[in-house]
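Heads up, input-v9.cif below (mmCIF, C-alpha atoms):
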```cif
data_work
loop_
_atom_site.group_PDB
_atom_site.id
_atom_site.type_symbol
_atom_site.label_atom_id
_atom_site.label_comp_id
_atom_site.auth_asym_id
_atom_site.auth_seq_id
_atom_site.Cartn_x
_atom_site.Cartn_y
_atom_site.Cartn_z
ATOM 1 C CA MET F 61 0.000 0.000 0.000
ATOM 2 C CA LYS F 62 1.234 3.447 -0.897
ATOM 3 C CA LEU F 63 1.098 6.259 1.608
ATOM 4 C CA LYS F 64 -0.105 9.708 0.635
ATOM 5 C CA PHE F 65 2.307 12.437 1.682
ATOM 6 C CA GLY F 66 1.526 16.151 1.581
ATOM 7 C CA VAL F 67 4.480 18.492 1.053
ATOM 8 C CA VAL F 68 3.618 22.051 2.081
ATOM 9 C CA ILE F 69 4.796 24.954 -0.064
ATOM 10 C CA PHE F 70 5.294 28.403 1.447
ATOM 11 C CA PRO F 71 6.658 31.364 -0.498
ATOM 12 C CA GLY F 72 10.395 30.737 -0.181
ATOM 13 C CA SER F 73 10.301 26.970 0.337
ATOM 14 C CA ASN F 74 13.087 25.493 -1.774
ATOM 15 C CA CYS F 75 13.293 21.817 -0.824
ATOM 16 C CA ASP F 76 9.682 21.115 -1.792
ATOM 17 C CA TYR F 77 10.500 19.518 -5.157
ATOM 18 C CA ASP F 78 13.442 17.542 -3.730
ATOM 19 C CA THR F 79 11.193 16.141 -1.016
ATOM 20 C CA LEU F 80 8.421 15.275 -3.459
ATOM 21 C CA TYR F 81 10.986 13.608 -5.728
ATOM 22 C CA ALA F 82 12.425 11.537 -2.892
ATOM 23 C CA LEU F 83 8.969 10.345 -1.867
ATOM 24 C CA LYS F 84 7.535 9.706 -5.328
ATOM 25 C CA ASP F 85 10.448 8.712 -7.526
ATOM 26 C CA VAL F 86 12.850 7.192 -5.033
ATOM 27 C CA LEU F 87 10.442 5.632 -2.562
ATOM 28 C CA ASN F 88 7.484 5.065 -4.899
ATOM 29 C CA GLN F 89 4.859 6.675 -2.663
ATOM 30 C CA ASP F 90 1.986 9.043 -3.440
ATOM 31 C CA ALA F 91 2.912 12.631 -2.743
ATOM 32 C CA ILE F 92 1.186 15.925 -3.455
ATOM 33 C CA PHE F 93 1.955 19.572 -2.855
ATOM 34 C CA LEU F 94 -0.171 21.557 -0.404
ATOM 35 C CA TRP F 95 -0.251 25.330 -0.946
ATOM 36 C CA HIS F 96 0.035 27.451 2.201
ATOM 37 C CA LYS F 97 -3.167 29.379 1.445
ATOM 38 C CA GLU F 98 -5.325 26.269 1.242
ATOM 39 C CA HIS F 99 -7.582 25.113 4.053
ATOM 40 C CA ASN F 100 -7.611 21.430 3.184
ATOM 41 C CA LEU F 101 -5.047 18.699 3.781
ATOM 42 C CA LYS F 102 -6.614 16.480 1.091
ATOM 43 C CA ASN F 103 -6.582 13.331 3.208
ATOM 44 C CA VAL F 104 -2.842 12.908 3.365
ATOM 45 C CA ASP F 105 -1.368 10.334 5.766
ATOM 46 C CA CYS F 106 1.610 12.480 6.665
ATOM 47 C CA VAL F 107 2.388 16.182 6.308
ATOM 48 C CA ILE F 108 5.938 17.261 5.500
ATOM 49 C CA LEU F 109 7.097 20.839 6.011
ATOM 50 C CA PRO F 110 10.104 21.100 3.700
ATOM 51 C CA GLY F 111 13.264 23.144 4.005
ATOM 52 C CA GLY F 112 13.868 26.574 2.562
ATOM 53 C CA PHE F 113 13.466 30.167 3.595
ATOM 54 C CA SER F 114 9.751 30.714 4.016
ATOM 55 C CA TYR F 115 8.978 34.433 3.752
ATOM 56 C CA GLY F 116 12.681 35.131 3.390
ATOM 57 C CA ASP F 117 13.249 34.295 7.062
ATOM 58 C CA TYR F 118 11.732 37.728 7.825
ATOM 59 C CA LEU F 119 11.056 38.455 11.502
ATOM 60 C CA ARG F 120 12.356 35.040 12.661
ATOM 61 C CA SER F 121 12.945 31.841 10.677
ATOM 62 C CA GLY F 122 9.607 30.084 10.255
ATOM 63 C CA SER F 123 7.579 32.665 12.154
ATOM 64 C CA ILE F 124 5.422 34.081 9.347
ATOM 65 C CA ALA F 125 4.747 30.650 7.841
ATOM 66 C CA ALA F 126 3.392 29.529 11.208
ATOM 67 C CA PHE F 127 0.510 31.995 10.772
ATOM 68 C CA SER F 128 -0.532 30.747 7.306
ATOM 69 C CA PRO F 129 -4.057 29.329 6.821
ATOM 70 C CA LEU F 130 -2.843 25.817 5.989
ATOM 71 C CA MET F 131 -0.742 25.643 9.150
ATOM 72 C CA GLN F 132 -3.870 26.012 11.260
ATOM 73 C CA GLU F 133 -5.140 22.849 9.529
ATOM 74 C CA VAL F 134 -1.773 21.176 10.081
ATOM 75 C CA LYS F 135 -1.942 22.102 13.757
ATOM 76 C CA GLU F 136 -5.360 20.482 14.128
ATOM 77 C CA PHE F 137 -4.202 17.433 12.166
ATOM 78 C CA ALA F 138 -1.159 17.138 14.427
ATOM 79 C CA LEU F 139 -3.150 17.548 17.620
ATOM 80 C CA ARG F 140 -5.453 14.741 16.434
ATOM 81 C CA GLY F 141 -2.377 12.510 16.182
ATOM 82 C CA GLY F 142 -1.521 12.997 12.491
ATOM 83 C CA LEU F 143 2.114 12.504 11.512
ATOM 84 C CA VAL F 144 3.988 15.727 10.808
ATOM 85 C CA LEU F 145 7.664 15.994 9.881
ATOM 86 C CA GLY F 146 9.378 19.376 9.720
ATOM 87 C CA ILE F 147 12.707 19.478 7.909
ATOM 88 C CA CYS F 148 15.065 22.405 8.534
ATOM 89 C CA ASN F 149 12.846 25.473 7.982
ATOM 90 C CA GLY F 150 9.922 23.111 8.628
ATOM 91 C CA PHE F 151 11.404 22.375 12.062
ATOM 92 C CA GLN F 152 11.621 26.127 12.706
ATOM 93 C CA VAL F 153 7.956 26.503 11.711
ATOM 94 C CA LEU F 154 6.947 23.747 14.171
ATOM 95 C CA LEU F 155 8.846 25.526 16.964
ATOM 96 C CA GLU F 156 7.236 28.856 16.120
ATOM 97 C CA LEU F 157 3.808 27.181 16.098
ATOM 98 C CA GLY F 158 4.511 25.761 19.545
ATOM 99 C CA LEU F 159 4.006 22.187 18.341
ATOM 100 C CA LEU F 160 7.555 21.429 19.486
ATOM 101 C CA PRO F 161 9.285 22.916 22.536
ATOM 102 C CA GLY F 162 12.193 25.360 22.306
ATOM 103 C CA ALA F 163 13.503 27.859 19.774
ATOM 104 C CA MET F 164 16.352 28.247 17.287
ATOM 105 C CA LEU F 165 19.224 30.668 17.746
ATOM 106 C CA ARG F 166 21.825 31.637 15.163
ATOM 107 C CA ASN F 167 24.579 29.016 14.744
ATOM 108 C CA LYS F 168 27.268 29.414 17.394
ATOM 109 C CA ASN F 169 29.948 30.369 14.849
ATOM 110 C CA LEU F 170 27.599 32.810 13.050
ATOM 111 C CA LYS F 171 28.125 30.924 9.794
ATOM 112 C CA PHE F 172 25.635 29.423 7.401
ATOM 113 C CA LEU F 173 26.528 25.732 7.608
ATOM 114 C CA CYS F 174 26.111 23.624 4.464
ATOM 115 C CA GLN F 175 27.807 20.254 4.940
ATOM 116 C CA PHE F 176 27.349 16.570 5.695
ATOM 117 C CA VAL F 177 27.011 15.783 9.394
ATOM 118 C CA HIS F 178 26.751 12.592 11.399
ATOM 119 C CA LEU F 179 23.664 11.974 13.470
ATOM 120 C CA ARG F 180 23.218 9.450 16.232
ATOM 121 C CA VAL F 181 19.764 7.916 16.553
ATOM 122 C CA ASP F 182 18.937 8.200 20.257
ATOM 123 C CA ASN F 183 15.281 7.210 20.011
ATOM 124 C CA GLU F 184 14.480 4.458 17.511
ATOM 125 C CA THR F 185 10.895 3.920 18.679
ATOM 126 C CA THR F 186 9.330 6.861 16.809
ATOM 127 C CA PRO F 187 7.253 6.842 13.592
ATOM 128 C CA PHE F 188 10.220 8.585 11.944
ATOM 129 C CA THR F 189 13.106 6.378 13.086
ATOM 130 C CA ASN F 190 11.684 2.875 13.672
ATOM 131 C CA LYS F 191 13.714 1.426 10.788
ATOM 132 C CA ALA F 192 16.937 2.533 12.474
ATOM 133 C CA LYS F 193 18.751 0.883 15.340
ATOM 134 C CA LYS F 194 19.412 2.663 18.606
ATOM 135 C CA GLY F 195 22.810 4.332 18.366
ATOM 136 C CA GLN F 196 22.958 3.981 14.587
ATOM 137 C CA VAL F 197 24.879 6.803 12.926
ATOM 138 C CA LEU F 198 23.357 8.460 9.857
ATOM 139 C CA LYS F 199 25.187 10.689 7.393
ATOM 140 C CA ILE F 200 22.834 13.451 6.240
ATOM 141 C CA PRO F 201 23.559 17.046 5.158
ATOM 142 C CA ILE F 202 22.545 20.246 6.914
ATOM 143 C CA ALA F 203 22.093 23.711 5.369
ATOM 144 C CA HIS F 204 21.050 26.390 7.829
ATOM 145 C CA TYR F 205 21.892 29.594 9.651
ATOM 146 C CA ASP F 206 19.496 29.270 12.584
ATOM 147 C CA GLY F 207 19.873 25.717 13.870
ATOM 148 C CA ASN F 208 21.303 26.296 17.320
ATOM 149 C CA PHE F 209 18.593 24.679 19.418
ATOM 150 C CA PHE F 210 17.762 26.386 22.691
ATOM 151 C CA SER F 211 15.253 25.824 25.449
ATOM 152 C CA PRO F 212 14.994 26.944 29.076
ATOM 153 C CA PRO F 213 16.358 24.512 31.724
ATOM 154 C CA ASP F 214 12.954 23.202 32.851
ATOM 155 C CA THR F 215 11.917 22.504 29.254
ATOM 156 C CA ILE F 216 15.093 20.592 28.425
ATOM 157 C CA GLN F 217 14.595 18.527 31.585
ATOM 158 C CA GLU F 218 11.154 17.566 30.365
ATOM 159 C CA ILE F 219 12.477 16.797 26.871
ATOM 160 C CA LYS F 220 15.052 14.414 28.353
ATOM 161 C CA ILE F 221 12.645 12.727 30.756
ATOM 162 C CA ASN F 222 10.187 12.076 27.908
ATOM 163 C CA ASN F 223 12.928 10.729 25.623
ATOM 164 C CA GLN F 224 12.094 13.370 23.008
ATOM 165 C CA ILE F 225 15.622 13.756 21.657
ATOM 166 C CA VAL F 226 15.585 11.623 18.511
ATOM 167 C CA LEU F 227 18.750 12.673 16.642
ATOM 168 C CA ARG F 228 21.989 14.146 17.964
ATOM 169 C CA TYR F 229 24.970 15.621 16.140
ATOM 170 C CA SER F 230 27.844 13.196 16.674
ATOM 171 C CA ASP F 231 31.043 12.029 15.036
ATOM 172 C CA ALA F 232 31.158 9.066 12.635
ATOM 173 C CA ARG F 233 31.388 6.647 15.577
ATOM 174 C CA GLY F 234 28.402 8.141 17.372
ATOM 175 C CA GLN F 235 30.431 10.036 19.966
ATOM 176 C CA LEU F 236 29.127 13.417 21.080
ATOM 177 C CA SER F 237 31.560 16.330 21.280
ATOM 178 C CA GLU F 238 31.634 20.083 21.083
ATOM 179 C CA GLU F 239 33.338 19.777 17.715
ATOM 180 C CA ALA F 240 30.680 17.448 16.300
ATOM 181 C CA ASN F 241 27.935 19.735 17.582
ATOM 182 C CA VAL F 242 28.502 22.070 14.647
ATOM 183 C CA ASN F 243 25.814 24.668 15.339
ATOM 184 C CA GLY F 244 26.049 24.701 19.142
ATOM 185 C CA SER F 245 22.662 23.105 19.831
ATOM 186 C CA LEU F 246 21.708 22.422 23.418
ATOM 187 C CA GLU F 247 22.297 18.706 24.129
ATOM 188 C CA SER F 248 23.513 18.373 20.505
ATOM 189 C CA ILE F 249 19.873 18.193 19.422
ATOM 190 C CA ALA F 250 19.425 17.706 15.675
ATOM 191 C CA GLY F 251 16.007 16.031 15.753
ATOM 192 C CA LEU F 252 13.249 16.407 18.323
ATOM 193 C CA ILE F 253 9.810 14.827 18.751
ATOM 194 C CA ASN F 254 6.773 16.005 20.737
ATOM 195 C CA SER F 255 5.795 14.105 23.872
ATOM 196 C CA ALA F 256 2.834 12.454 22.123
ATOM 197 C CA GLY F 257 5.277 11.077 19.522
ATOM 198 C CA ASN F 258 3.674 12.164 16.229
ATOM 199 C CA ILE F 259 5.373 15.484 15.405
ATOM 200 C CA MET F 260 9.076 15.567 14.607
ATOM 201 C CA GLY F 261 11.431 18.332 13.586
ATOM 202 C CA MET F 262 14.954 17.798 12.262
ATOM 203 C CA MET F 263 17.503 20.278 10.936
ATOM 204 C CA PRO F 264 19.303 17.812 8.580
ATOM 205 C CA HIS F 265 17.804 17.155 5.139
ATOM 206 C CA PRO F 266 16.906 13.466 4.631
ATOM 207 C CA GLU F 267 15.634 14.196 1.094
ATOM 208 C CA ARG F 268 19.141 15.317 0.142
ATOM 209 C CA ALA F 269 20.508 11.932 1.220
ATOM 210 C CA SER F 270 18.066 9.635 -0.522
ATOM 211 C CA GLU F 271 20.219 8.258 -3.349
ATOM 212 C CA ALA F 272 23.812 7.036 -3.551
ATOM 213 C CA LEU F 273 24.419 9.618 -6.279
ATOM 214 C CA LEU F 274 23.868 12.338 -3.667
ATOM 215 C CA GLY F 275 26.618 10.998 -1.424
ATOM 216 C CA SER F 276 24.426 9.145 1.045
ATOM 217 C CA GLU F 277 21.236 7.111 1.185
ATOM 218 C CA ASP F 278 20.882 7.396 4.939
ATOM 219 C CA GLY F 279 18.034 9.899 4.728
ATOM 220 C CA ARG F 280 15.760 7.228 3.284
ATOM 221 C CA ILE F 281 15.527 5.610 6.692
ATOM 222 C CA ILE F 282 13.427 8.559 7.937
ATOM 223 C CA PHE F 283 10.862 8.211 5.134
ATOM 224 C CA GLU F 284 10.972 4.397 5.198
ATOM 225 C CA SER F 285 10.237 4.513 8.924
ATOM 226 C CA ILE F 286 7.085 6.551 8.268
ATOM 227 C CA ILE F 287 6.011 4.093 5.571
ATOM 228 C CA ASN F 288 6.725 1.165 7.884
ATOM 229 C CA TRP F 289 4.830 2.801 10.762
ATOM 230 C CA LYS F 290 1.685 3.434 8.729
ATOM 231 C CA GLY F 291 1.924 0.262 6.616
ATOM 232 C CA MET A 290 -0.378 57.304 17.755
ATOM 233 C CA LYS A 291 3.073 55.964 17.078
ATOM 234 C CA VAL A 292 4.753 53.344 19.249
ATOM 235 C CA ARG A 293 8.209 51.815 19.231
ATOM 236 C CA ILE A 294 8.832 48.239 20.334
ATOM 237 C CA LEU A 295 12.316 46.997 21.072
ATOM 238 C CA VAL A 296 12.847 43.230 20.912
ATOM 239 C CA SER A 297 16.079 41.652 22.110
ATOM 240 C CA LEU A 298 17.372 38.304 23.343
ATOM 241 C CA LYS A 299 16.768 37.573 27.013
ATOM 242 C CA ASP A 300 19.748 38.110 29.305
ATOM 243 C CA SER A 301 19.924 34.338 29.873
ATOM 244 C CA VAL A 302 20.362 33.703 26.130
ATOM 245 C CA LEU A 303 23.787 34.044 24.526
ATOM 246 C CA ASP A 304 23.912 36.726 21.835
ATOM 247 C CA PRO A 305 26.774 35.819 19.470
ATOM 248 C CA GLN A 306 25.974 38.734 17.145
ATOM 249 C CA GLY A 307 26.240 41.203 20.015
ATOM 250 C CA GLN A 308 29.515 39.552 21.056
ATOM 251 C CA THR A 309 30.901 39.960 17.545
ATOM 252 C CA VAL A 310 29.967 43.652 17.486
ATOM 253 C CA LYS A 311 31.612 44.097 20.888
ATOM 254 C CA ASN A 312 34.800 42.425 19.647
ATOM 255 C CA ALA A 313 34.862 44.719 16.608
ATOM 256 C CA LEU A 314 34.486 47.774 18.862
ATOM 257 C CA HIS A 315 37.366 46.524 21.022
ATOM 258 C CA THR A 316 39.476 46.110 17.895
ATOM 259 C CA LEU A 317 38.842 49.785 17.166
ATOM 260 C CA GLY A 318 40.082 50.702 20.625
ATOM 261 C CA TYR A 319 36.772 51.281 22.424
ATOM 262 C CA ASP A 320 37.872 49.174 25.357
ATOM 263 C CA SER A 321 35.412 50.599 27.840
ATOM 264 C CA ILE A 322 32.456 48.938 26.102
ATOM 265 C CA LYS A 323 31.694 46.070 28.436
ATOM 266 C CA ASP A 324 28.860 44.339 26.593
ATOM 267 C CA VAL A 325 26.703 44.632 23.469
ATOM 268 C CA ARG A 326 23.248 43.138 23.010
ATOM 269 C CA GLN A 327 21.656 43.309 19.585
ATOM 270 C CA GLY A 328 17.924 43.591 18.928
ATOM 271 C CA LYS A 329 15.179 44.626 16.542
ATOM 272 C CA VAL A 330 13.096 47.772 16.455
ATOM 273 C CA PHE A 331 9.474 47.946 15.282
ATOM 274 C CA GLU A 332 7.659 51.231 14.810
ATOM 275 C CA LEU A 333 3.898 50.928 14.571
ATOM 276 C CA GLU A 334 1.407 53.541 13.556
ATOM 277 C CA LEU A 335 -1.921 53.062 15.286
ATOM 278 C CA GLU A 336 -5.179 54.561 14.150
ATOM 279 C CA GLY A 337 -8.131 55.124 16.439
ATOM 280 C CA MET A 338 -6.573 53.325 19.378
ATOM 281 C CA SER A 339 -6.679 54.764 22.871
ATOM 282 C CA PRO A 340 -3.555 54.627 25.062
ATOM 283 C CA GLU A 341 -5.448 52.204 27.365
ATOM 284 C CA GLU A 342 -6.154 49.907 24.440
ATOM 285 C CA ALA A 343 -2.520 50.135 23.340
ATOM 286 C CA GLU A 344 -1.482 49.043 26.851
ATOM 287 C CA ARG A 345 -3.355 45.830 26.187
ATOM 288 C CA VAL A 346 -2.724 45.292 22.466
ATOM 289 C CA ILE A 347 0.999 46.099 22.162
ATOM 290 C CA PRO A 348 2.171 43.507 24.740
ATOM 291 C CA GLU A 349 -0.235 41.002 23.167
ATOM 292 C CA ILE A 350 1.141 41.334 19.629
ATOM 293 C CA SER A 351 4.687 41.511 20.932
ATOM 294 C CA ASP A 352 4.296 38.178 22.704
ATOM 295 C CA LYS A 353 2.338 36.565 19.899
ATOM 296 C CA VAL A 354 4.161 37.821 16.815
ATOM 297 C CA LEU A 355 7.007 40.324 17.163
ATOM 298 C CA ALA A 356 9.016 38.421 19.781
ATOM 299 C CA ASN A 357 9.475 34.750 20.535
ATOM 300 C CA PRO A 358 8.976 34.676 24.331
ATOM 301 C CA ILE A 359 11.145 31.573 24.689
ATOM 302 C CA ILE A 360 14.279 33.510 23.743
ATOM 303 C CA GLU A 361 13.299 37.169 23.470
ATOM 304 C CA LYS A 362 11.993 40.025 25.615
ATOM 305 C CA PHE A 363 10.504 43.350 24.610
ATOM 306 C CA VAL A 364 10.011 46.896 25.861
ATOM 307 C CA TRP A 365 7.836 49.539 24.240
ATOM 308 C CA GLN A 366 7.126 53.236 24.397
ATOM 309 C CA ILE A 367 4.747 55.753 22.873
ATOM 310 C CA LEU A 368 6.632 57.971 20.417
ATOM 311 C CA GLU A 369 3.804 60.272 19.362
ATOM 312 C CA LYS A 370 0.354 60.737 20.804
ATOM 313 C CA ASP A 371 -2.635 61.580 18.619
#
```
Please lay out the structure from this file as structure tokens.
Amino acid sequence: MKLKFGVVIFPGSNCDYDTLYALKDVLNQDAIFLWHKEHNLKNVDCVILPGGFSYGDYLRSGSIAAFSPLMQEVKEFALRGGLVLGICNGFQVLLELGLLPGAMLRNKNLKFLCQFVHLRVDNETTPFTNKAKKGQVLKIPIAHYDGNFFSPPDTIQEIKINNQIVLRYSDARGQLSEEANVNGSLESIAGLINSAGNIMGMMPHPERASEALLGSEDGRIIFESIINWKG
Amino acid sequence: MKVRILVSLKDSVLDPQGQTVKNALHTLGYDSIKDVRQGKVFELELEGMSPEEAERVIPEISDKVLANPIIEKFVWQILEKD
């Protein structure tokens, strides 16, 4: 059975076609675009908020997109238990919407980082990582300016207690270090899930690591996990 | 009425941009500058809004839209009265 994915397009999204391609052409699933002004999710099984620079990152990354009509539908869908994955700018939108805890600060070195990173899977029980093994290291690229995850001390306590940290920046052997934590994120957080376990945000781009030609196929595991979860 | 809202990172949040500006100022010899915090300024023109209403609305929109209360704080002032 094929799943139906909805890839949301905001003005300034630029990973929308890559994501649709990965889902349709690489993974042979149904996938449609959802325009930010629409009010209808068209019965998709999973909503994906792709990477890019929605509204030019004006005000704060992801903030204006969070107010779009479609995102109110996405919020309701998510609160009913629907699967939502935010990639990069999509993660920032989920934070701005309050569907995930915390906020993004500018990268610690004040540089736009565009490079492959290693990610350690710390929670393999989620809809987005169930095809991975605990501690498995994935090689997936990042491309962002505001990916330095921050949350107040009480919030990060809660995140840890609930096992909401899904992916962490690590080295190739899965070791955490200040050096491997390229953007300075609190607790080396690269991927975070809500406490109910149906909304995930991740700064790395799995769609950009979906074919060997792109330098890595490790990103497929994220999409294959969703397919496995719903299948 | 015209109001000005100043949004900046909370004191508990590291401000690497402010740090970089401070370092540049030190390079130029302004050693007495102890700290720099960077922020954003919004100037809003309000029509038909009483100062009492502004007292309610400005903090509301600042919390909801202009600032992200997890990392940012805001102060505001009336620049021009009607």
Shell around region 201-207 of chain F at 8 Å using only C-alpha atoms, local window under 3 positions removed, as an NGL selection string: :F and (121 or 148 or 164-167 or 170-177 or 243 or 245 or 263-266 or 268-269)
Could you please select, counting only C-alpha atoms, the residues of chain F within 7 Å of chain A and state them as a PyMOL selection string? chain F and resi 162-163+168
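Residues within 12 Å of Gly291 (chain F), counting all atoms listed in the file and excluding same-chain residues fewer than 4 positions away, are Met61, Lys62, Leu63, Lys64, Gln89, Asp105, Pro187, Glu284, Ser285, Ile286 and Ile287 of chain F.
Going from CA of Asp324 (chain A) to CA of Lys311 (chain A) covers 6.3 Å.
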I need the output of the PyMOL selection byres ((chain F and resi 128-133) around 9) for this file as a list of chain:residue names; which residues are they?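 Those residues are F:Val68, F:Phe70, F:Leu94, F:Trp95, F:His96, F:Lys97, F:Glu98, F:His99, F:Asn100, F:Leu101, F:Ile124, F:Ala125, F:Ala126, F:Phe127, F:Val134, F:Lys135, F:Glu136, F:Phe137, F:Ala138, F:Leu157.
Ranking A:Gly337, A:Asp300, A:Val325, A:Leu368 by their shortest atom-to-atom distance to Asn312 (chain A), with all atoms listed in the file included, puts A:Val325 first.
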Skip region 339-342 of chain A itself and residues of its chain fewer than 2 positions away, then list as a PyMOL selection string all residues within 10 Å of it, counting only C-alpha atoms. chain A and resi 290+335-337+344-347+367+370-371
Mind writing the picked residues with C-alpha atoms as a PDB file, keeping the file's coordinate frame?
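After the write, part_33.pdb holds the following:
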```pdb
ATOM      1  CA  MET A 290      -0.378  57.304  17.755  1.00  0.00           C
ATOM      2  CA  LEU A 335      -1.921  53.062  15.286  1.00  0.00           C
ATOM      3  CA  GLU A 336      -5.179  54.561  14.150  1.00  0.00           C
ATOM      4  CA  GLY A 337      -8.131  55.124  16.439  1.00  0.00           C
ATOM      5  CA  GLU A 344      -1.482  49.043  26.851  1.00  0.00           C
ATOM      6  CA  ARG A 345      -3.355  45.830  26.187  1.00  0.00           C
ATOM      7  CA  VAL A 346      -2.724  45.292  22.466  1.00  0.00           C
ATOM      8  CA  ILE A 347       0.999  46.099  22.162  1.00  0.00           C
ATOM      9  CA  ILE A 367       4.747  55.753  22.873  1.00  0.00           C
ATOM     10  CA  LYS A 370       0.354  60.737  20.804  1.00  0.00           C
ATOM     11  CA  ASP A 371      -2.635  61.580  18.619  1.00  0.00           C
TER      12      ASP A 371
END
```
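When all atoms listed in the file are used to compute distances to Ile294 (chain A), the closest of the residues A:Val364, A:Val310, A:Leu317, A:Ala343 turns out to be A:Val364.
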Leu333 (chain A): which residues within 7 Å, counting all atoms listed in the file, same-chain residues fewer than 4 positions away excluded, as a VMD selection string? chain A and resid 291 to 293
To one decimal in Å, tell me the separation between CA of Ile281 (chain F) and CA of Asn208 (chain F). 24.0 Å
CA of Leu119 (chain F) to CA of Ser297 (chain A): how many Å, to one decimal?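 Between these atoms lies a distance of 12.2 Å.
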May I have the residues at most 10 Å from (2.5, 14.1, 9.3) in the file's coordinates, counting all atoms listed in the file, as a list in words?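 Checking each residue against the 10 Å limit leaves Phe65, Gly66, Val67, Val104, Asp105, Cys106, Val107, Ile108, Leu109, Val134, Phe137, Ala138, Gly141, Gly142, Leu143, Val144, Leu145, Gly146, Pro187, Phe188, Asn258, Ile259, Met260 and Ile286 of chain F.
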Apply the PyMOL selection byres ((chain F and resi 254) around 8) to the file shown and report the selected residues as a short mmCIF file (atom, residue, chain, number, x, y, z; two decimals) with C-alpha atoms, keeping the file's coordinate frame.
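The result, stored in result.cif:
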```
data_model
loop_
_atom_site.label_atom_id
_atom_site.label_comp_id
_atom_site.auth_asym_id
_atom_site.auth_seq_id
_atom_site.Cartn_x
_atom_site.Cartn_y
_atom_site.Cartn_z
CA LEU F 159 4.01 22.19 18.34
CA LEU F 160 7.56 21.43 19.49
CA PRO F 161 9.28 22.92 22.54
CA GLN F 224 12.09 13.37 23.01
CA LEU F 252 13.25 16.41 18.32
CA ILE F 253 9.81 14.83 18.75
CA SER F 255 5.80 14.10 23.87
CA ALA F 256 2.83 12.45 22.12
CA GLY F 257 5.28 11.08 19.52
CA ASN F 258 3.67 12.16 16.23
CA ILE F 259 5.37 15.48 15.40
CA MET F 260 9.08 15.57 14.61
#
```
Box in all listed atoms of region 344-351 of chain A, axis-aligned, with 4 Å more on each side; write out centre and edge lengths in Å to one decimal as lines of an AutoDock Vina configuration file.
```
center_x = 0.7
center_y = 45.0
center_z = 23.2
size_x = 16.0
size_y = 16.0
size_z = 15.2
```
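Checking F:Gly72, F:Gly150, F:Gly158, F:Gly244 one by one against Asp117 (chain F), counting all atoms listed in the file, you find the shortest gap at F:Gly72.
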